[in-house]
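Student: So that you have it, the file is work.txt, and it contains compact mmCIF, C-alpha atoms and all ligand atoms:
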# COMPACT_ATOMS: atom_id res chain seq x y z
CA MET A 1 0.00 0.00 0.00
CA ASN A 2 1.34 3.47 -0.95
CA ASN A 3 1.54 5.74 2.05
CA ARG A 4 2.31 9.05 0.30
CA LEU A 5 0.37 11.11 -2.21
CA SER A 6 0.89 14.62 -3.59
CA ILE A 7 -2.01 16.63 -4.93
CA PHE A 8 -2.19 19.96 -6.71
CA ALA A 9 -5.66 21.25 -5.78
CA PRO A 10 -6.99 24.07 -7.99
CA ALA A 11 -8.80 27.28 -7.15
CA LYS A 12 -12.22 28.05 -8.66
CA LEU A 13 -13.90 31.12 -10.02
CA ASN A 14 -17.64 31.74 -10.20
CA LEU A 15 -18.20 33.07 -13.72
CA PHE A 16 -21.88 33.47 -12.87
CA LEU A 17 -23.48 33.50 -9.42
CA LYS A 18 -27.15 34.23 -8.92
CA VAL A 19 -28.28 34.07 -5.31
CA HIS A 20 -31.95 33.35 -4.67
CA GLU A 21 -33.95 33.17 -1.44
CA LYS A 22 -32.68 31.78 1.84
CA GLN A 23 -33.95 28.23 2.40
CA LEU A 24 -35.14 26.60 5.61
CA ASP A 25 -31.65 25.11 6.21
CA GLY A 26 -30.24 28.68 6.39
CA TYR A 27 -28.44 28.42 3.04
CA HIS A 28 -29.38 30.39 -0.05
CA ARG A 29 -30.51 28.68 -3.22
CA LEU A 30 -27.97 29.35 -5.97
CA GLU A 31 -27.42 29.12 -9.68
CA THR A 32 -23.73 29.30 -10.36
CA VAL A 33 -21.18 28.46 -13.02
CA PHE A 34 -18.00 27.18 -11.40
CA GLN A 35 -14.70 27.08 -13.26
CA SER A 36 -11.44 25.51 -12.03
CA ILE A 37 -8.28 27.45 -12.91
CA ASP A 38 -4.59 26.54 -12.88
CA LEU A 39 -3.79 28.22 -9.57
CA TYR A 40 -3.01 25.45 -7.09
CA ASP A 41 -2.41 24.66 -3.45
CA HIS A 42 0.08 21.80 -3.20
CA LEU A 43 -0.63 19.16 -0.56
CA THR A 44 1.47 16.11 0.34
CA PHE A 45 -0.19 13.45 2.47
CA GLU A 46 1.75 10.81 4.40
CA LEU A 47 -0.17 8.08 6.19
CA PHE A 48 1.11 6.17 9.25
CA VAL A 49 -1.06 3.18 10.14
CA ASN A 50 1.12 2.25 13.13
CA ASN A 51 -0.24 5.48 14.57
CA PRO A 52 2.69 7.49 16.00
CA GLU A 53 1.73 10.79 17.63
CA LEU A 54 3.75 13.34 15.66
CA PRO A 55 4.78 16.49 17.55
CA ASP A 56 2.10 19.25 17.37
CA SER A 57 -0.51 16.95 15.87
CA ILE A 58 -4.25 17.53 16.41
CA ASN A 59 -5.51 14.44 18.20
CA SER A 60 -8.95 12.90 18.46
CA SER A 61 -10.30 9.41 19.11
CA VAL A 62 -10.35 8.70 15.35
CA CYS A 63 -7.15 10.32 14.06
CA ASN A 64 -3.96 12.25 14.72
CA VAL A 65 -3.39 14.94 12.10
CA LYS A 66 -0.32 17.12 11.74
CA ILE A 67 -0.57 20.03 9.29
CA ASP A 68 2.72 21.69 8.29
CA LEU A 69 2.67 24.87 6.25
CA THR A 70 5.34 25.78 3.75
CA LYS A 71 6.32 29.28 4.80
CA ASN A 72 4.98 32.02 2.50
CA PRO A 73 3.40 35.49 2.94
CA GLN A 74 -0.02 34.11 3.88
CA SER A 75 0.92 30.97 5.83
CA HIS A 76 0.22 32.76 9.14
CA LEU A 77 -3.44 33.14 8.04
CA VAL A 78 -4.06 29.39 7.82
CA PRO A 79 -5.38 27.86 11.05
CA ILE A 80 -3.68 24.58 11.94
CA ASP A 81 -6.17 23.64 14.63
CA LYS A 82 -9.48 21.74 14.51
CA SER A 83 -11.11 24.52 12.48
CA ASN A 84 -8.90 23.68 9.48
CA LEU A 85 -11.02 21.97 6.80
CA ILE A 86 -8.23 19.43 6.23
CA TYR A 87 -8.63 18.18 9.79
CA GLN A 88 -12.44 18.20 9.49
CA ALA A 89 -12.23 16.23 6.24
CA VAL A 90 -10.02 13.59 7.89
CA ARG A 91 -12.44 13.30 10.82
CA VAL A 92 -15.61 12.83 8.71
CA PHE A 93 -13.83 10.43 6.34
CA ALA A 94 -12.45 8.26 9.16
CA LYS A 95 -15.88 8.06 10.77
CA LYS A 96 -17.74 7.21 7.55
CA ALA A 97 -15.17 4.63 6.40
CA LYS A 98 -14.99 3.22 9.97
CA LEU A 99 -11.19 3.33 9.95
CA PRO A 100 -9.04 2.29 12.88
CA LYS A 101 -7.17 5.22 14.43
CA PHE A 102 -4.32 6.45 12.19
CA THR A 103 -1.91 9.36 11.85
CA LEU A 104 -1.77 11.66 8.83
CA HIS A 105 0.97 14.18 8.12
CA VAL A 106 -0.07 16.90 5.66
CA GLN A 107 2.39 19.34 4.15
CA LEU A 108 0.50 22.32 2.69
CA ASP A 109 1.98 24.84 0.31
CA LYS A 110 -0.74 27.48 0.23
CA ARG A 111 -0.86 29.48 -3.01
CA ILE A 112 -4.61 30.17 -3.22
CA PRO A 113 -5.49 33.31 -1.22
CA VAL A 114 -6.99 32.46 2.18
CA ALA A 115 -10.69 33.46 2.53
CA GLY A 116 -10.42 34.94 -0.96
CA GLY A 117 -13.56 33.65 -2.68
CA LEU A 118 -11.50 31.12 -4.67
CA ALA A 119 -12.45 28.04 -2.60
CA GLY A 120 -8.90 27.48 -1.34
CA GLY A 121 -10.04 25.83 1.92
CA SER A 122 -12.66 23.79 0.05
CA ALA A 123 -10.02 22.62 -2.45
CA ASN A 124 -7.86 21.44 0.48
CA ALA A 125 -10.83 19.58 1.99
CA ALA A 126 -11.69 17.89 -1.32
CA ALA A 127 -8.03 16.90 -1.85
CA THR A 128 -7.96 15.39 1.65
CA LEU A 129 -11.07 13.25 0.97
CA TYR A 130 -9.58 12.11 -2.34
CA ALA A 131 -6.16 11.36 -0.77
CA LEU A 132 -7.57 9.33 2.13
CA ASN A 133 -9.77 7.30 -0.20
CA TYR A 134 -6.71 6.55 -2.34
CA LEU A 135 -4.37 5.80 0.58
CA PHE A 136 -6.86 3.44 2.24
CA GLY A 137 -7.63 1.51 -1.00
CA GLU A 138 -10.91 3.24 -1.94
CA PRO A 139 -13.27 2.23 0.89
CA LEU A 140 -15.82 4.88 -0.20
CA GLU A 141 -17.70 5.38 -3.47
CA GLN A 142 -17.75 8.79 -5.15
CA GLY A 143 -21.38 9.32 -4.01
CA ASP A 144 -20.26 8.95 -0.36
CA LEU A 145 -17.36 11.34 -0.93
CA LEU A 146 -19.75 13.94 -2.40
CA LEU A 147 -22.02 13.69 0.66
CA LEU A 148 -19.07 14.09 3.02
CA ALA A 149 -17.89 17.01 0.88
CA LEU A 150 -21.21 18.83 1.34
CA GLU A 151 -20.95 18.38 5.13
CA LEU A 152 -17.67 20.30 4.94
CA GLY A 153 -18.89 23.24 2.82
CA SER A 154 -21.04 24.24 -0.14
CA ASP A 155 -18.10 24.48 -2.59
CA VAL A 156 -16.39 21.21 -1.59
CA PRO A 157 -18.51 18.91 -3.85
CA PHE A 158 -17.52 21.03 -6.86
CA CYS A 159 -13.86 20.88 -5.80
CA LEU A 160 -14.01 17.06 -5.90
CA LEU A 161 -15.21 17.11 -9.51
CA GLY A 162 -13.59 20.26 -10.95
CA GLY A 163 -13.68 21.67 -14.49
CA SER A 164 -16.69 23.69 -15.71
CA MET A 165 -19.89 22.98 -13.82
CA LEU A 166 -23.34 24.39 -13.31
CA GLY A 167 -24.16 24.34 -9.59
CA THR A 168 -27.72 24.63 -8.27
CA GLY A 169 -29.27 24.00 -4.85
CA ARG A 170 -26.60 25.06 -2.35
CA GLY A 171 -24.15 24.86 -5.25
CA ASP A 172 -23.92 21.10 -4.69
CA GLN A 173 -26.28 19.88 -7.45
CA LEU A 174 -23.68 19.72 -10.19
CA THR A 175 -23.99 19.34 -13.96
CA ARG A 176 -20.88 19.28 -16.16
CA LEU A 177 -20.68 22.02 -18.79
CA PRO A 178 -18.69 22.15 -22.04
CA GLU A 179 -14.94 22.65 -21.52
CA LEU A 180 -13.69 26.23 -21.49
CA GLN A 181 -10.00 25.44 -22.00
CA GLU A 182 -9.27 28.58 -23.99
CA LEU A 183 -10.58 30.84 -21.21
CA LEU A 184 -7.85 33.15 -19.91
CA CYS A 185 -8.46 35.21 -16.82
CA VAL A 186 -6.48 37.88 -15.02
CA LEU A 187 -6.85 37.53 -11.28
CA VAL A 188 -6.12 40.34 -8.84
CA PHE A 189 -4.91 38.89 -5.55
CA PRO A 190 -6.15 40.65 -2.43
CA PRO A 191 -3.36 41.59 -0.01
CA PRO A 192 -3.06 38.90 2.71
CA ASP A 193 -4.83 41.08 5.30
CA VAL A 194 -7.86 41.69 3.03
CA THR A 195 -10.23 38.76 3.63
CA LEU A 196 -14.04 38.46 3.70
CA SER A 197 -16.22 36.11 5.69
CA THR A 198 -18.66 34.26 3.39
CA LYS A 199 -21.28 34.28 6.13
CA GLU A 200 -20.99 38.06 6.54
CA VAL A 201 -21.20 38.67 2.79
CA TYR A 202 -24.42 36.61 2.54
CA ALA A 203 -25.86 38.45 5.58
CA THR A 204 -25.05 41.80 3.92
CA PHE A 205 -26.60 40.55 0.66
CA ASP A 206 -29.81 39.76 2.59
CA LYS A 207 -29.88 43.27 4.10
CA LEU A 208 -29.24 44.97 0.75
CA SER A 209 -31.89 42.82 -0.98
CA LEU A 210 -34.62 44.17 1.31
CA SER A 211 -34.44 47.55 -0.43
CA ARG A 212 -33.78 46.30 -4.00
CA PRO A 213 -36.14 45.09 -6.69
CA LYS A 214 -35.15 41.62 -7.93
CA ASP A 215 -33.05 41.77 -11.10
CA ASP A 216 -33.95 39.75 -14.18
CA VAL A 217 -30.54 38.15 -14.83
CA VAL A 218 -30.98 34.45 -15.61
CA VAL A 219 -28.48 31.63 -15.79
CA GLU A 220 -30.12 30.27 -18.97
CA LYS A 221 -28.81 33.29 -20.93
CA PHE A 222 -25.29 32.72 -19.60
CA LEU A 223 -25.46 29.04 -20.55
CA GLU A 224 -26.74 29.91 -24.01
CA ILE A 225 -23.73 32.19 -24.58
CA LEU A 226 -21.43 29.49 -23.20
CA LEU A 227 -22.78 27.05 -25.79
CA THR A 228 -23.01 29.41 -28.75
CA LYS A 229 -20.51 32.28 -28.43
CA LYS A 230 -17.90 31.60 -25.74
CA SER A 231 -15.83 34.62 -26.79
CA ASP A 232 -18.66 36.88 -25.58
CA ILE A 233 -18.79 35.37 -22.11
CA PHE A 234 -17.03 38.35 -20.53
CA LYS A 235 -20.13 40.47 -21.24
CA TYR A 236 -22.33 38.15 -19.18
CA LEU A 237 -20.18 37.68 -16.05
CA TYR A 238 -22.45 38.16 -13.04
CA ASN A 239 -22.36 37.87 -9.27
CA SER A 240 -25.30 38.72 -6.97
CA LEU A 241 -22.88 38.96 -4.01
CA GLU A 242 -20.71 41.60 -5.63
CA GLU A 243 -22.51 44.60 -4.17
CA ALA A 244 -22.28 43.15 -0.66
CA SER A 245 -18.62 42.35 -1.15
CA VAL A 246 -17.91 45.90 -2.43
CA SER A 247 -19.80 47.44 0.49
CA LEU A 248 -17.69 45.45 2.98
CA SER A 249 -14.30 46.08 1.40
CA TYR A 250 -12.82 49.29 0.07
CA TRP A 251 -10.08 47.23 -1.58
CA VAL A 252 -12.66 45.28 -3.67
CA ASP A 253 -14.31 48.52 -4.76
CA LYS A 254 -10.98 50.02 -5.81
CA ALA A 255 -9.67 46.88 -7.54
CA LYS A 256 -12.88 46.59 -9.55
CA SER A 257 -12.92 50.21 -10.68
CA THR A 258 -9.22 50.02 -11.62
CA ILE A 259 -9.86 47.01 -13.88
CA ASP A 260 -13.02 48.57 -15.36
CA SER A 261 -11.17 51.84 -16.07
CA LYS A 262 -8.81 49.88 -18.35
CA GLY A 263 -11.68 48.72 -20.57
CA PHE A 264 -12.14 45.26 -19.00
CA THR A 265 -15.18 43.87 -17.16
CA SER A 266 -14.32 42.98 -13.57
CA LEU A 267 -16.11 40.50 -11.34
CA VAL A 268 -15.74 39.46 -7.72
CA SER A 269 -15.31 35.69 -7.42
CA GLY A 270 -17.75 34.01 -5.01
CA SER A 271 -18.06 36.08 -1.85
CA GLY A 272 -14.78 37.86 -2.63
CA PRO A 273 -12.48 39.63 -2.12
CA SER A 274 -10.58 38.23 -5.15
CA VAL A 275 -11.45 40.08 -8.35
CA PHE A 276 -10.91 38.84 -11.89
CA THR A 277 -11.54 39.64 -15.50
CA ILE A 278 -11.44 37.67 -18.73
CA ALA A 279 -8.80 38.64 -21.27
CA PRO A 280 -9.28 38.01 -25.00
CA ASN A 281 -5.65 36.96 -25.52
CA GLU A 282 -2.25 36.63 -23.80
CA ALA A 283 -0.90 39.94 -25.06
CA GLN A 284 -3.82 41.86 -23.56
CA ALA A 285 -3.64 39.84 -20.35
CA LEU A 286 0.07 40.64 -19.94
CA ASN A 287 -0.51 44.29 -20.70
CA LEU A 288 -3.27 44.51 -18.11
CA ILE A 289 -1.11 42.72 -15.51
CA ARG A 290 1.72 45.20 -16.13
CA GLU A 291 -0.64 48.16 -15.70
CA LEU A 292 -2.18 46.70 -12.53
CA GLU A 293 1.26 45.94 -11.05
CA ASP A 294 2.31 49.55 -11.82
CA GLU A 295 -0.59 50.66 -9.65
CA GLY A 296 0.50 48.42 -6.78
CA TYR A 297 -1.78 45.40 -7.37
CA HIS A 298 -0.59 41.80 -7.43
CA ALA A 299 -2.12 40.23 -10.55
CA ALA A 300 -1.47 37.12 -12.64
CA ALA A 301 -3.04 35.25 -15.55
CA PHE A 302 -4.58 31.78 -15.22
CA ARG A 303 -6.24 29.34 -17.61
CA ALA A 304 -9.41 27.32 -17.17
CA ILE A 305 -8.72 23.61 -16.52
CA ASN A 306 -10.95 20.56 -16.82
CA GLU A 307 -9.89 18.24 -14.03
CA PRO A 308 -10.16 18.49 -10.23
CA PHE A 309 -6.59 17.59 -9.22
CA HIS A 310 -3.11 16.75 -10.47
CA VAL A 311 -2.13 13.71 -8.47
CA ILE A 312 1.37 12.31 -7.96
CA ALA A 313 1.66 8.93 -6.21
CA HIS A 314 5.06 8.38 -4.56
O1 LIG B 401 -21.06 26.19 3.02
P1 LIG B 401 -20.08 27.20 3.49
O2 LIG B 401 -19.41 26.80 4.78
O3 LIG B 401 -19.09 27.62 2.47
O4 LIG B 401 -20.94 28.49 3.81
C1 LIG B 401 -20.49 29.53 4.63
C2 LIG B 401 -21.67 30.44 4.93
O5 LIG B 401 -22.12 31.09 3.72
C3 LIG B 401 -22.89 29.71 5.44
O6 LIG B 401 -22.85 29.58 6.84
C4 LIG B 401 -24.02 30.61 5.00
O7 LIG B 401 -24.15 31.70 5.90
C5 LIG B 401 -23.52 31.19 3.69
N1 LIG B 401 -24.04 30.47 2.52
C6 LIG B 401 -25.38 30.64 2.17
N2 LIG B 401 -25.88 29.98 1.07
C7 LIG B 401 -25.09 29.18 0.33
C8 LIG B 401 -23.73 29.01 0.65
C9 LIG B 401 -23.24 29.67 1.76
O8 LIG B 401 -26.12 31.36 2.84
N3 LIG B 401 -25.61 28.54 -0.73
What is this file in structure tokens?

Tutor:
Amino acid sequence: MNNRLSIFAPAKLNLFLKVHEKQLDGYHRLETVFQSIDLYDHLTFELFVNNPELPDSINSSVCNVKIDLTKNPQSHLVPIDKSNLIYQAVRVFAKKAKLPKFTLHVQLDKRIPVAGGLAGGSANAAATLYALNYLFGEPLEQGDLLLLALELGSDVPFCLLGGSMLGTGRGDQLTRLPELQELLCVLVFPPPDVTLSTKEVYATFDKLSLSRPKDDVVVEKFLEILLTKKSDIFKYLYNSLEEASVSLSYWVDKAKSTIDSKGFTSLVSGSGPSVFTIAPNEAQALNLIRELEDEGYHAAAFRAINEPFHVIAH
């Protein structure tokens, strides 16, 4: 049995996000178009079945988990206690698969902005479910993994499947969409201290909605453009949470107007604060990045990808 696995877990963008009413479970009904991009967190999992207690591990009756962070400018923002979704993923997996107590060492190189609206934490959780299922010889079916994923967060089921997907329900009812390989986006990274709480953004959305008429934007139109004229997609980018995100963060407001002032259409991803735009070609993407960097932003170009993870078995 292999006891090590490396996974590159990608970030996601929401190219379209329409938020509907709050449901009885407290979550809002959504229609969203998820897209994985080639910005990755790198995770290496090492499994010890003889169960040593590694120094600084988080211990419970089902598992010992040690999370080590590769040092980088945002590593101090990642919790390495029980609130980390990696630990929570290990716990729910071990319980569901009825595993004997084991120890897992996870090395995490965090490249996706923390609490940035790019599903970085969800990607880590999905990678952990995938890795454990692999390392233990696939005790769970994909349907079980998707249910565990939803327990961990609304974006985690998508992160298990990746690519281009329509998400409805809580974002967990997923339908694969045509590949968007040629899609090139320019992403503006929020500074490490600019983060937004998803819960707070939804709560602000609810407050703002009280005084707004409902808009008539529909996902069907976005899907029609996706199927018939992909090059026009940038005109139909949409996010119901954008106004809430802008109202909570001056940085989001400024980043968006800077991109828009250069003739591009900006959009907040998910609940923010990351902001992106779609570039028609590499030359224009590079030009925009140069201009944004001149104004003090950290920006980079990424491509759409079609798979959830790159996996390297050791
Ligand atoms: O599922 P996740 O943990 O990512 O959600 C974080 C918070 O975002 C939830 O507690 C809820 O307040 C809000 N949310 C929502 N409707 C959704 C997804 C998230 O209200 N469909």

Student: Using all atoms listed in the file, which protein or nucleic acid residues come within 8 Å of region 234-245 of chain A? Drop anything in the same chain fewer than 3 positions from it, and give the result as a list in words.

Tutor: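 Listed by chain and then number, they are Asn14, Leu15, Phe16, Leu17, Lys18, Val19, Leu196, Val201, Tyr202, Thr204, Phe205, Leu208, Phe222, Ser231, Leu248, Ser249, Val252, Thr265, Leu267, Val268, Ser269, Gly270, Ser271, Gly272, Pro273, Thr277 and Ile278 of chain A.
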
Student: Show me which residues are within 10 Å of ligand LIG 401 (chain B) counting all atoms listed in the file, and format the list as a PDB file with C-alpha atoms, in the frame of the given file.

Tutor:
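In the end it all went to result-v1.pdb:
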ATOM      1  CA  VAL A  19     -28.280  34.070  -5.310  1.00  0.00           C
ATOM      2  CA  HIS A  20     -31.950  33.350  -4.670  1.00  0.00           C
ATOM      3  CA  GLU A  21     -33.950  33.170  -1.440  1.00  0.00           C
ATOM      4  CA  LYS A  22     -32.680  31.780   1.840  1.00  0.00           C
ATOM      5  CA  GLN A  23     -33.950  28.230   2.400  1.00  0.00           C
ATOM      6  CA  ASP A  25     -31.650  25.110   6.210  1.00  0.00           C
ATOM      7  CA  GLY A  26     -30.240  28.680   6.390  1.00  0.00           C
ATOM      8  CA  TYR A  27     -28.440  28.420   3.040  1.00  0.00           C
ATOM      9  CA  HIS A  28     -29.380  30.390  -0.050  1.00  0.00           C
ATOM     10  CA  ARG A  29     -30.510  28.680  -3.220  1.00  0.00           C
ATOM     11  CA  LEU A  30     -27.970  29.350  -5.970  1.00  0.00           C
ATOM     12  CA  GLU A  31     -27.420  29.120  -9.680  1.00  0.00           C
ATOM     13  CA  THR A  32     -23.730  29.300 -10.360  1.00  0.00           C
ATOM     14  CA  LEU A  85     -11.020  21.970   6.800  1.00  0.00           C
ATOM     15  CA  GLY A 117     -13.560  33.650  -2.680  1.00  0.00           C
ATOM     16  CA  ALA A 119     -12.450  28.040  -2.600  1.00  0.00           C
ATOM     17  CA  GLY A 121     -10.040  25.830   1.920  1.00  0.00           C
ATOM     18  CA  SER A 122     -12.660  23.790   0.050  1.00  0.00           C
ATOM     19  CA  ALA A 149     -17.890  17.010   0.880  1.00  0.00           C
ATOM     20  CA  LEU A 150     -21.210  18.830   1.340  1.00  0.00           C
ATOM     21  CA  GLU A 151     -20.950  18.380   5.130  1.00  0.00           C
ATOM     22  CA  LEU A 152     -17.670  20.300   4.940  1.00  0.00           C
ATOM     23  CA  GLY A 153     -18.890  23.240   2.820  1.00  0.00           C
ATOM     24  CA  SER A 154     -21.040  24.240  -0.140  1.00  0.00           C
ATOM     25  CA  ASP A 155     -18.100  24.480  -2.590  1.00  0.00           C
ATOM     26  CA  VAL A 156     -16.390  21.210  -1.590  1.00  0.00           C
ATOM     27  CA  GLY A 167     -24.160  24.340  -9.590  1.00  0.00           C
ATOM     28  CA  THR A 168     -27.720  24.630  -8.270  1.00  0.00           C
ATOM     29  CA  GLY A 169     -29.270  24.000  -4.850  1.00  0.00           C
ATOM     30  CA  ARG A 170     -26.600  25.060  -2.350  1.00  0.00           C
ATOM     31  CA  GLY A 171     -24.150  24.860  -5.250  1.00  0.00           C
ATOM     32  CA  ASP A 172     -23.920  21.100  -4.690  1.00  0.00           C
ATOM     33  CA  SER A 197     -16.220  36.110   5.690  1.00  0.00           C
ATOM     34  CA  THR A 198     -18.660  34.260   3.390  1.00  0.00           C
ATOM     35  CA  LYS A 199     -21.280  34.280   6.130  1.00  0.00           C
ATOM     36  CA  GLU A 200     -20.990  38.060   6.540  1.00  0.00           C
ATOM     37  CA  VAL A 201     -21.200  38.670   2.790  1.00  0.00           C
ATOM     38  CA  TYR A 202     -24.420  36.610   2.540  1.00  0.00           C
ATOM     39  CA  ALA A 203     -25.860  38.450   5.580  1.00  0.00           C
ATOM     40  CA  PHE A 205     -26.600  40.550   0.660  1.00  0.00           C
ATOM     41  CA  ASP A 206     -29.810  39.760   2.590  1.00  0.00           C
ATOM     42  CA  GLY A 270     -17.750  34.010  -5.010  1.00  0.00           C
ATOM     43  CA  SER A 271     -18.060  36.080  -1.850  1.00  0.00           C
TER      44      SER A 271
END

Student: Find the residue from A:Leu47, A:Leu223, A:Val114, A:Ala89 that sits nearest to Ser75 (chain A); use all atoms listed in the file when measuring.

Tutor: A:Val114

Student: Which residues come within 10 Å of Asp56 (chain A), counting all atoms listed in the file, excluding same-chain residues fewer than 5 positions away, as an NGL selection string?

Tutor: :A and (64-68 or 80-81)

Student: Which is closest to Ala115 (chain A) among A:Leu286, A:Lys207, A:Glu293, A:Pro191, if we use all atoms listed in the file?

Tutor: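 Distance minimum relative to Ala115 (chain A) lands on A:Pro191.
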
Student: Please determine, counting only C-alpha atoms, which residue among A:Thr70, A:Asn2, A:Asn306, A:Ser274 has the shortest atom-to-atom distance to Tyr134 (chain A).

Tutor: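 Ranked by minimum distance to Tyr134 (chain A), first place goes to A:Asn2.
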
Student: So, with all atoms listed in the file as the atoms that count, which of A:Glu182, A:Pro190, A:Phe93, A:Pro157 lies closest to Glu138 (chain A)?

Tutor: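 Selected residue with least distance to Glu138 (chain A): A:Phe93.
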
Student: Could you name the residues that touch Lys98 (chain A) at 10 Å or less, counting only C-alpha atoms, but leaving out those on the same chain fewer than 5 positions away, as a ChimeraX atom specification?

Tutor: /A:62,92-93,139

Student: Using all atoms listed in the file, determine which residues lie at most 12 Å from Glu291 (chain A), disregarding the query and same-chain residues fewer than 3 positions distant; provide the list as an MDAnalysis selection string.

Tutor: chainID A and resid 186 188 258:259 261:262 284:288 294:300

Student: What is the distance between CA of Ala301 (chain A) and CA of Thr228 (chain A), in Å to one decimal?

Tutor: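 Value for the CA of Ala301 (chain A)-CA of Thr228 (chain A) distance: 24.6 Å.
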
Student: Have a look at A:Tyr40, A:Phe158, A:Phe45, A:Phe136 and name the one nearest to Pro113 (chain A); count only C-alpha atoms.

Tutor: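 Under the stated criterion, the closest residue is A:Tyr40.
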
Student: What is the CA of Asn84 (chain A)-CA of Asn51 (chain A) distance in Å, reported with one decimal?

Tutor: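 These atoms are spaced 20.8 Å apart.
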
Student: Which one is closest to Asn124 (chain A): A:Leu24, A:Leu148, A:Cys159, A:Leu99? Count only C-alpha atoms.

Tutor: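 Nearest to Asn124 (chain A): A:Cys159.
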
Student: Set the distance at 6 Å and use all atoms listed in the file: which residues neighbour Ala11 (chain A) once local chain neighbours fewer than 3 positions away are removed? I'd like the list as a list in words.

Tutor: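 My list of contacting residues is Ser36, Ile37, Leu39, Leu118, Ala119 and Gly120 of chain A.
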
Student: As an exercise, work out the distance from CA of Pro178 (chain A) to CA of Glu141 (chain A) in Å and give it to one decimal place.

Tutor: 25.0 Å

Student: To box region 288-294 of chain A, take all atoms listed in the file, fit an axis-aligned box, add 4 Å on each side, and give centre and edge lengths in Å to one decimal, as JSON.

Tutor:
{"center_x": -0.5, "center_y": 46.1, "center_z": -14.6, "size_x": 13.6, "size_y": 14.8, "size_z": 15.1}
